[in-house]
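**Student:** A single structure is presented below for examination.
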2 protein chains.
Amino acid sequence: MAHERAPGLKDVAKAAGVSVTTVSRMLNGSLDLPAATKQRIDEAISALKYQPNPHARRLSRGRSDTIGLVVPDIANPFFATMVAAVEEAANDLGLAVSLYATLNRTGREVAYLRLLEHNHVDGLVFVTNHPDDGELAALINRTGKVIVVDEDVPLAMVPKLFSDNLQGGYLAGRHLAEFGHRNVLFVGGPDAMISTQRRFNGLRSGLQERFGEAFSIRRYSGEYTVACGREMARRFLEEGSPATAIFASSDEIAIGMIEVLREHGISIPDDLSIIGFDDVSPLHLFAPPLTAIRQPVRAIGRRALSLLLETNWQESEVLATEELVPVEIVVRNSVAPPSTRNKQR
Amino acid sequence: MAHERAPGLKDVAKAAGVSVTTVSRMLNGSLDLPAATKQRIDEAISALKYQPNPHARRLSRGRSDTIGLVVPDIANPFFATMVAAVEEAANDLGLAVSLYATLNRTGREVAYLRLLEHNHVDGLVFVTNHPDDGELAALINRTGKVIVVDEDVPLAMVPKLFSDNLQGGYLAGRHLAEFGHRNVLFVGGPDAMISTQRRFNGLRSGLQERFGEAFSIRRYSGEYTVACGREMARRFLEEGSPATAIFASSDEIAIGMIEVLREHGISIPDDLSIIGFDDVSPLHLFAPPLTAIRQPVRAIGRRALSLLLETNWQESEVLATEELVPVEIVVRNSVAPPSTRNKQR
């Protein structure tokens, strides 16, 4: 048989008279088929010399049937959960996923973005967690077929998918305002990142809505890590801040802060209220169960993949889009009215 | 210049008169160097036409300078943390890591193992979570350069690295026995996996040591997931088990069980004691803080990489080794003496 390209799933499906999904699932071992159907597919695979391993196939033609996924820190449950969602959605479509963790270092990000230039992957879902001086954006714009997720790469002209961080900040601010908190500590990630900026702006508008200008926000910025949360809690205690509530803008930050606050005998929410962001960790089992803004992490992962596959990469004038995924507040038990004890601090 | 192979880090380092680590770290962006040193390295790179991107380099020679890491479920914090440790250790050595999540499906495992045959990676750290009918082992033995981690692939003749699950089970059993628990529910992962078998055997020997034969263990098996934990807790409640303590053999199982037990108003440890396994999730912040056997997850990740790099793959007669990483018990507050209420159940 003469093929311009190596045979794909479609060719096998057509020859066997079944759907692409059926072939794909059989190859993935996730579907039990009648023996006769299985035989037809096996025969089609033999006749077409179809190579079911996408990594072998990519040697023989331009397409790899592999999606690349680049994240800063896989130990962070937010990214780990997002990755799992992409993996599951890709598996349903018969695609392999190559995953790369950059440790948030530009050198590694650049190396992994270049995979695309060498056809090792058909497209990339890309997450960075640090400001870009233009290097990443230039590479992304040159290689194309990249979806920027979670944090912005401002000069990249590709589809972008973010949580509605502004709305998330607003929901946190409104909730704290409802309980009467006028003095709030905001603990964000890196100042240059949109997640921090938008969550902060949202918090401010939530408080403003209720209090006009009669409120104050103390702002700390750092990283979305447990270590940073610990450090920020120590700073908070040393400064003797008048804040009666904390908006910790990630699960990791909240965990680090709660550890230190507890060590200092501070009772949540009796002495101090706290509201988190992400809700990926088991916050519902904490003492007390933590109120938090929930990011729909799995939905973000699935949507990132569908954006990558649906985008018409030829129409470069409409590539630069920004899509926001809605967030919600999950009210538990870590926010209470400001305590008398706090007011005296 | 005539090279049998494309120039590597070593050649650049030699030409620039610096260490390989210095070159590697400069390329990774993790080291600030004096301008003169940086220039020497840059000149050496130009002169040798060194291609600092390992993924581009692998096109031009047999070695990829990339390690593959295959795990079942990246959303599980145990695997996510292990992966992060491998990534960090690899980065220190100037190696890239390609990560593959198999969703615990044989088809995907086989596809990813074949990467090795095609030189896409120099070696694999491989984790599976289901029994092997011999297919995986045959592929592993054929391709070589695979380290089997966390769960066994029994017929694979390669170095293996496991937590000391037997010791972990024993520590849990001894701790429960010290509090007087003679009726224990063991909730394991899949029955066929060594983690489940060894943790169970360890639990039994810990109880035996204290009670002789005057104890009983009810054994449930399932998967290391939150969903399974929920299901097992419901089963426990429906059966009206006499157990006064539960050994939940993963964080995920413990989390699912605690959710359901709480919904049913069961107080831990007043009504029922529970001890977990893994200690990767923030169990210390739970209500109550959960006592658990801690796996040294990051140490396992680092050791897996060093095993892969240290093994002399030519000496096939000594390949099949098994190394156990010690575990420890972290005593918090979820185990108490059997309550009167429990005894009456």
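We name chains A, B, ... following the order of the structure tokens; residues begin at 1 in each chain, and ligands are numbered from 1 as shown.
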Give as a list in words every residue of chain A that touches chain B within 6 Å, counting only C-alpha atoms.

**Tutor:** Asn28, Gly29, Asn53, Ile74, Ala75, Ala80, Thr81, Ala84, Ser98, Leu99, Tyr100, Gly107, Ala111, Leu285, Phe286 and Ala287 of chain A

**Student:** Could the residues in this selection be saved with N, CA, C and O atoms as a PDB file, in the first residue's frame?

**Tutor:**
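The resulting file, result15.pdb, is reproduced below:
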```
ATOM      1  N   ASN A  28      -5.295   0.433  23.992  1.00  0.00           N
ATOM      2  CA  ASN A  28      -5.000   0.861  25.364  1.00  0.00           C
ATOM      3  C   ASN A  28      -5.346  -0.209  26.388  1.00  0.00           C
ATOM      4  O   ASN A  28      -5.112  -0.031  27.568  1.00  0.00           O
ATOM      5  N   GLY A  29      -5.972  -1.291  25.913  1.00  0.00           N
ATOM      6  CA  GLY A  29      -6.338  -2.348  26.841  1.00  0.00           C
ATOM      7  C   GLY A  29      -7.513  -1.987  27.717  1.00  0.00           C
ATOM      8  O   GLY A  29      -7.757  -2.614  28.735  1.00  0.00           O
ATOM      9  N   ASN A  53       2.495   1.953  18.630  1.00  0.00           N
ATOM     10  CA  ASN A  53       3.216   2.763  19.610  1.00  0.00           C
ATOM     11  C   ASN A  53       3.495   4.143  19.027  1.00  0.00           C
ATOM     12  O   ASN A  53       4.281   4.285  18.103  1.00  0.00           O
ATOM     13  N   ILE A  74       5.719  19.599  39.889  1.00  0.00           N
ATOM     14  CA  ILE A  74       4.770  18.499  39.886  1.00  0.00           C
ATOM     15  C   ILE A  74       4.399  18.057  41.305  1.00  0.00           C
ATOM     16  O   ILE A  74       3.376  17.392  41.512  1.00  0.00           O
ATOM     17  N   ALA A  75       5.209  18.433  42.298  1.00  0.00           N
ATOM     18  CA  ALA A  75       4.867  18.054  43.673  1.00  0.00           C
ATOM     19  C   ALA A  75       3.704  18.883  44.204  1.00  0.00           C
ATOM     20  O   ALA A  75       3.076  18.521  45.194  1.00  0.00           O
ATOM     21  N   ALA A  80      -0.282  18.590  39.841  1.00  0.00           N
ATOM     22  CA  ALA A  80      -0.388  17.135  39.708  1.00  0.00           C
ATOM     23  C   ALA A  80      -1.807  16.744  39.288  1.00  0.00           C
ATOM     24  O   ALA A  80      -2.002  15.888  38.425  1.00  0.00           O
ATOM     25  N   THR A  81      -2.791  17.404  39.867  1.00  0.00           N
ATOM     26  CA  THR A  81      -4.179  17.081  39.539  1.00  0.00           C
ATOM     27  C   THR A  81      -4.518  17.538  38.123  1.00  0.00           C
ATOM     28  O   THR A  81      -5.214  16.838  37.380  1.00  0.00           O
ATOM     29  N   ALA A  84      -3.079  15.066  35.711  1.00  0.00           N
ATOM     30  CA  ALA A  84      -3.852  13.819  35.664  1.00  0.00           C
ATOM     31  C   ALA A  84      -5.085  13.987  34.784  1.00  0.00           C
ATOM     32  O   ALA A  84      -5.460  13.076  34.042  1.00  0.00           O
ATOM     33  N   SER A  98       3.540  13.443  27.066  1.00  0.00           N
ATOM     34  CA  SER A  98       4.875  13.562  27.652  1.00  0.00           C
ATOM     35  C   SER A  98       4.847  14.751  28.584  1.00  0.00           C
ATOM     36  O   SER A  98       4.445  15.845  28.192  1.00  0.00           O
ATOM     37  N   LEU A  99       5.272  14.509  29.784  1.00  0.00           N
ATOM     38  CA  LEU A  99       5.159  15.520  30.813  1.00  0.00           C
ATOM     39  C   LEU A  99       6.546  15.978  31.222  1.00  0.00           C
ATOM     40  O   LEU A  99       7.457  15.174  31.359  1.00  0.00           O
ATOM     41  N   TYR A 100       6.696  17.285  31.381  1.00  0.00           N
ATOM     42  CA  TYR A 100       7.994  17.831  31.746  1.00  0.00           C
ATOM     43  C   TYR A 100       7.820  18.803  32.893  1.00  0.00           C
ATOM     44  O   TYR A 100       6.976  19.700  32.827  1.00  0.00           O
ATOM     45  N   GLY A 107      15.779  27.878  31.650  1.00  0.00           N
ATOM     46  CA  GLY A 107      16.578  26.990  30.803  1.00  0.00           C
ATOM     47  C   GLY A 107      15.833  25.715  30.449  1.00  0.00           C
ATOM     48  O   GLY A 107      15.811  25.276  29.300  1.00  0.00           O
ATOM     49  N   ALA A 111      14.226  24.454  26.803  1.00  0.00           N
ATOM     50  CA  ALA A 111      14.562  23.140  26.249  1.00  0.00           C
ATOM     51  C   ALA A 111      13.295  22.362  25.905  1.00  0.00           C
ATOM     52  O   ALA A 111      13.191  21.745  24.846  1.00  0.00           O
ATOM     53  N   LEU A 285     -10.716  18.199  55.766  1.00  0.00           N
ATOM     54  CA  LEU A 285     -10.427  17.381  56.947  1.00  0.00           C
ATOM     55  C   LEU A 285      -9.574  18.122  57.963  1.00  0.00           C
ATOM     56  O   LEU A 285      -9.249  17.589  59.019  1.00  0.00           O
ATOM     57  N   PHE A 286      -9.191  19.346  57.642  1.00  0.00           N
ATOM     58  CA  PHE A 286      -8.336  20.118  58.547  1.00  0.00           C
ATOM     59  C   PHE A 286      -9.109  20.501  59.812  1.00  0.00           C
ATOM     60  O   PHE A 286     -10.338  20.493  59.844  1.00  0.00           O
ATOM     61  N   ALA A 287      -8.333  20.889  60.818  1.00  0.00           N
ATOM     62  CA  ALA A 287      -8.923  21.413  62.051  1.00  0.00           C
ATOM     63  C   ALA A 287      -8.582  22.893  62.136  1.00  0.00           C
ATOM     64  O   ALA A 287      -7.437  23.217  62.413  1.00  0.00           O
TER      65      ALA A 287
END
```

**Student:** Please provide the set of residues having any atom within 8 Å of range 327-335 of chain A, restricted to only C-alpha atoms, with same-chain residues fewer than 5 positions apart removed, written as number ranges by chain.

**Tutor:** A: 163-165, 167-168, 171-172, 176, 179, 245, 268-269, 272-275, 284, 288-296

**Student:** Between CA of Ala35 in chain B and CA of Glu135 in chain A, what is the distance, to one decimal in Å?

**Tutor:** 20.7 Å

**Student:** Compile the contact shell of Phe211 in chain B as a list in words: residues with an atom at most 12 Å away, counting only C-alpha atoms, same-chain residues fewer than 4 positions apart removed.

**Tutor:**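 Residues meeting the cut-off are Gly173, Arg174, Leu176, Ala177, Glu178, Phe179, Gly180, His181, Arg182, Asn183, Arg204, Ser205, Gly206, Leu207, Phe215 and Ser216 of chain B.
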
**Student:** What's around Cys228 in chain A at 9 Å? Count only C-alpha atoms, leave out sequence neighbours fewer than 5 positions away in its own chain, and write the answer as a list of chain:residue names.

**Tutor:** A:Gly189, A:Gly222, A:Glu223, A:Ala233, A:Glu252, A:Ile253, A:Gly256, A:Met257

**Student:** Please report, as number ranges by chain, each residue of range 271-341 of chain B to which DSSP assigns strand (DSSP E or B) when run on this structure's backbone.

**Tutor:** B: 273-278, 286, 291-294, 322-325, 328-330

**Student:** Write the residues you've just listed into a file as a CSV table (one decimal), in the first residue's frame, and include all heavy atoms for each of them.

**Tutor:**
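For reference, again-v5.csv as written:
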```csv
chain,number,residue,atom,x,y,z
B,273,SER,N,-9.9,4.1,66.5
B,273,SER,CA,-8.6,4.6,66.2
B,273,SER,C,-8.3,4.4,64.7
B,273,SER,O,-8.8,3.4,64.1
B,273,SER,CB,-7.6,3.8,67.0
B,273,SER,OG,-7.7,4.3,68.4
B,274,ILE,N,-7.4,5.2,64.2
B,274,ILE,CA,-7.0,5.0,62.8
B,274,ILE,C,-5.5,5.4,62.6
B,274,ILE,O,-5.0,6.3,63.2
B,274,ILE,CB,-7.9,5.8,61.8
B,274,ILE,CG1,-7.6,5.5,60.3
B,274,ILE,CG2,-7.9,7.2,62.0
B,274,ILE,CD1,-8.7,5.8,59.4
B,275,ILE,N,-4.8,4.5,61.9
B,275,ILE,CA,-3.4,4.8,61.6
B,275,ILE,C,-3.2,4.7,60.1
B,275,ILE,O,-3.8,3.8,59.4
B,275,ILE,CB,-2.4,3.8,62.3
B,275,ILE,CG1,-1.0,4.2,62.1
B,275,ILE,CG2,-2.7,2.4,62.0
B,275,ILE,CD1,0.0,3.5,63.0
B,276,GLY,N,-2.5,5.6,59.5
B,276,GLY,CA,-2.3,5.7,58.0
B,276,GLY,C,-1.0,5.2,57.5
B,276,GLY,O,-0.1,4.8,58.3
B,277,PHE,N,-0.7,5.4,56.2
B,277,PHE,CA,0.5,5.0,55.6
B,277,PHE,C,0.8,5.9,54.5
B,277,PHE,O,-0.1,6.1,53.6
B,277,PHE,CB,0.4,3.5,55.1
B,277,PHE,CG,1.7,2.8,54.9
B,277,PHE,CD1,2.1,1.9,55.9
B,277,PHE,CD2,2.6,3.1,53.9
B,277,PHE,CE1,3.3,1.2,55.7
B,277,PHE,CE2,3.8,2.5,53.7
B,277,PHE,CZ,4.2,1.5,54.7
B,278,ASP,N,2.0,6.4,54.4
B,278,ASP,CA,2.5,7.3,53.4
B,278,ASP,C,3.0,8.6,54.0
B,278,ASP,O,4.2,9.0,53.9
B,278,ASP,CB,1.5,7.8,52.3
B,278,ASP,CG,1.2,6.8,51.2
B,278,ASP,OD1,1.9,5.8,51.2
B,278,ASP,OD2,0.2,6.9,50.5
B,286,PHE,N,-4.8,17.6,60.1
B,286,PHE,CA,-6.1,17.0,60.2
B,286,PHE,C,-6.7,17.1,61.6
B,286,PHE,O,-6.0,17.3,62.6
B,286,PHE,CB,-6.1,15.5,59.8
B,286,PHE,CG,-6.0,15.3,58.3
B,286,PHE,CD1,-5.6,16.3,57.4
B,286,PHE,CD2,-6.4,14.0,57.8
B,286,PHE,CE1,-5.6,16.0,56.1
B,286,PHE,CE2,-6.4,13.8,56.4
B,286,PHE,CZ,-5.9,14.8,55.6
B,291,THR,N,-1.9,9.8,63.0
B,291,THR,CA,-0.7,9.0,63.2
B,291,THR,C,-0.5,8.2,61.9
B,291,THR,O,-1.5,7.6,61.4
B,291,THR,CB,-0.9,8.1,64.4
B,291,THR,OG1,-1.0,8.9,65.6
B,291,THR,CG2,0.2,7.1,64.5
B,292,ALA,N,0.7,8.1,61.4
B,292,ALA,CA,0.9,7.4,60.2
B,292,ALA,C,2.3,6.8,60.0
B,292,ALA,O,3.2,7.3,60.7
B,292,ALA,CB,0.6,8.3,59.0
B,293,ILE,N,2.5,5.8,59.2
B,293,ILE,CA,3.8,5.3,58.8
B,293,ILE,C,4.3,6.2,57.7
B,293,ILE,O,3.5,6.4,56.7
B,293,ILE,CB,3.8,3.9,58.3
B,293,ILE,CG1,3.1,3.0,59.4
B,293,ILE,CG2,5.2,3.4,58.0
B,293,ILE,CD1,3.7,3.0,60.8
B,294,ARG,N,5.4,6.8,57.8
B,294,ARG,CA,5.9,7.7,56.8
B,294,ARG,C,6.9,7.0,55.8
B,294,ARG,O,7.9,6.5,56.2
B,294,ARG,CB,6.7,8.9,57.5
B,294,ARG,CG,7.3,9.9,56.5
B,294,ARG,CD,8.0,11.0,57.1
B,294,ARG,NE,7.1,11.9,57.8
B,294,ARG,CZ,7.4,12.9,58.6
B,294,ARG,NH1,8.7,13.1,58.9
B,294,ARG,NH2,6.5,13.7,59.1
B,322,GLU,N,17.2,-6.3,45.3
B,322,GLU,CA,16.1,-5.6,46.0
B,322,GLU,C,16.6,-4.8,47.1
B,322,GLU,O,17.2,-5.3,48.0
B,322,GLU,CB,15.1,-6.6,46.4
B,322,GLU,CG,13.9,-5.9,47.1
B,322,GLU,CD,12.8,-6.9,47.6
B,322,GLU,OE1,12.4,-7.8,46.8
B,322,GLU,OE2,12.4,-6.8,48.8
B,323,GLU,N,16.4,-3.5,47.0
B,323,GLU,CA,16.8,-2.6,48.1
B,323,GLU,C,15.6,-2.0,48.8
B,323,GLU,O,14.7,-1.6,48.2
B,323,GLU,CB,17.6,-1.4,47.5
B,323,GLU,CG,18.3,-0.5,48.4
B,323,GLU,CD,19.3,0.5,47.7
B,323,GLU,OE1,20.1,0.0,46.9
B,323,GLU,OE2,19.2,1.7,48.0
B,324,LEU,N,15.7,-2.0,50.2
B,324,LEU,CA,14.5,-1.5,50.9
B,324,LEU,C,14.9,-0.2,51.6
B,324,LEU,O,16.0,-0.1,52.2
B,324,LEU,CB,14.2,-2.6,52.0
B,324,LEU,CG,13.6,-3.9,51.5
B,324,LEU,CD1,13.2,-4.8,52.7
B,324,LEU,CD2,12.5,-3.7,50.5
B,325,VAL,N,14.0,0.7,51.5
B,325,VAL,CA,14.2,2.0,52.2
B,325,VAL,C,13.5,2.0,53.5
B,325,VAL,O,12.3,1.7,53.5
B,325,VAL,CB,13.7,3.2,51.2
B,325,VAL,CG1,14.0,4.5,51.8
B,325,VAL,CG2,14.3,3.0,49.9
B,328,GLU,N,9.3,5.1,58.9
B,328,GLU,CA,9.2,5.4,60.4
B,328,GLU,C,7.8,5.6,60.7
B,328,GLU,O,6.9,5.9,59.9
B,328,GLU,CB,10.1,6.6,60.7
B,328,GLU,CG,9.7,7.8,59.9
B,328,GLU,CD,10.5,9.1,60.3
B,328,GLU,OE1,11.1,9.1,61.4
B,328,GLU,OE2,10.7,9.9,59.4
B,329,ILE,N,7.5,5.6,62.0
B,329,ILE,CA,6.1,5.9,62.5
B,329,ILE,C,6.1,7.3,63.0
B,329,ILE,O,7.1,7.8,63.7
B,329,ILE,CB,5.6,4.9,63.5
B,329,ILE,CG1,4.2,5.2,63.9
B,329,ILE,CG2,6.5,4.9,64.8
B,329,ILE,CD1,3.5,4.1,64.7
B,330,VAL,N,5.1,8.1,62.6
B,330,VAL,CA,5.0,9.4,63.1
B,330,VAL,C,3.7,9.5,63.9
B,330,VAL,O,2.6,9.3,63.4
B,330,VAL,CB,4.8,10.4,61.9
B,330,VAL,CG1,4.6,11.9,62.4
B,330,VAL,CG2,6.0,10.3,61.0
```

**Student:** Work out how far apart CA of Lys38 in chain B and CA of Leu93 in chain B are and give it in Å to one decimal.

**Tutor:**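 Spanning CA of Lys38 in chain B to CA of Leu93 in chain B is a straight-line distance of 19.0 Å.
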
**Student:** Compile the contact shell of range 122-130 of chain A as a PyMOL selection string: residues with an atom at most 6 Å away, counting only C-alpha atoms, same-chain residues fewer than 2 positions apart removed.

**Tutor:** chain A and resi 64+66-72+145-149

**Student:** With C-alpha atoms kept, could you save the residues just selected as a PDB file, in the first residue's frame?

**Tutor:**
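What ended up in part07.pdb:
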```pdb
ATOM      1  CA  SER A  64       3.748  12.100  17.100  1.00  0.00           C
ATOM      2  CA  THR A  66       1.830  12.889  21.650  1.00  0.00           C
ATOM      3  CA  ILE A  67       0.904  16.000  23.578  1.00  0.00           C
ATOM      4  CA  GLY A  68       3.495  17.744  25.698  1.00  0.00           C
ATOM      5  CA  LEU A  69       2.636  19.155  29.070  1.00  0.00           C
ATOM      6  CA  VAL A  70       5.066  21.509  30.787  1.00  0.00           C
ATOM      7  CA  VAL A  71       4.511  22.442  34.443  1.00  0.00           C
ATOM      8  CA  PRO A  72       6.721  24.166  37.016  1.00  0.00           C
ATOM      9  CA  LYS A 145       0.688  25.099  18.926  1.00  0.00           C
ATOM     10  CA  VAL A 146       1.085  26.110  22.543  1.00  0.00           C
ATOM     11  CA  ILE A 147      -1.708  26.744  25.029  1.00  0.00           C
ATOM     12  CA  VAL A 148      -0.646  28.944  27.930  1.00  0.00           C
ATOM     13  CA  VAL A 149      -2.410  27.869  31.119  1.00  0.00           C
TER      14      VAL A 149
END
```

**Student:** Quick one: distance from CA of Asn201 in chain A to CA of Val187 in chain A in Å, one decimal?

**Tutor:** 12.6 Å

**Student:** From a DSSP calculation on the backbone, collect every residue of range 109-159 of chain B in helix (DSSP H, G or I) and output the set as a list in words.

**Tutor:**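 Across range 109-159 of chain B, those assigned helix (DSSP H, G or I) are Glu109, Val110, Ala111, Tyr112, Leu113, Arg114, Leu115, Leu116, Glu117, Glu135, Leu136, Ala137, Ala138, Leu139, Ile140, Asn141, Arg142 and Thr143 of chain B.
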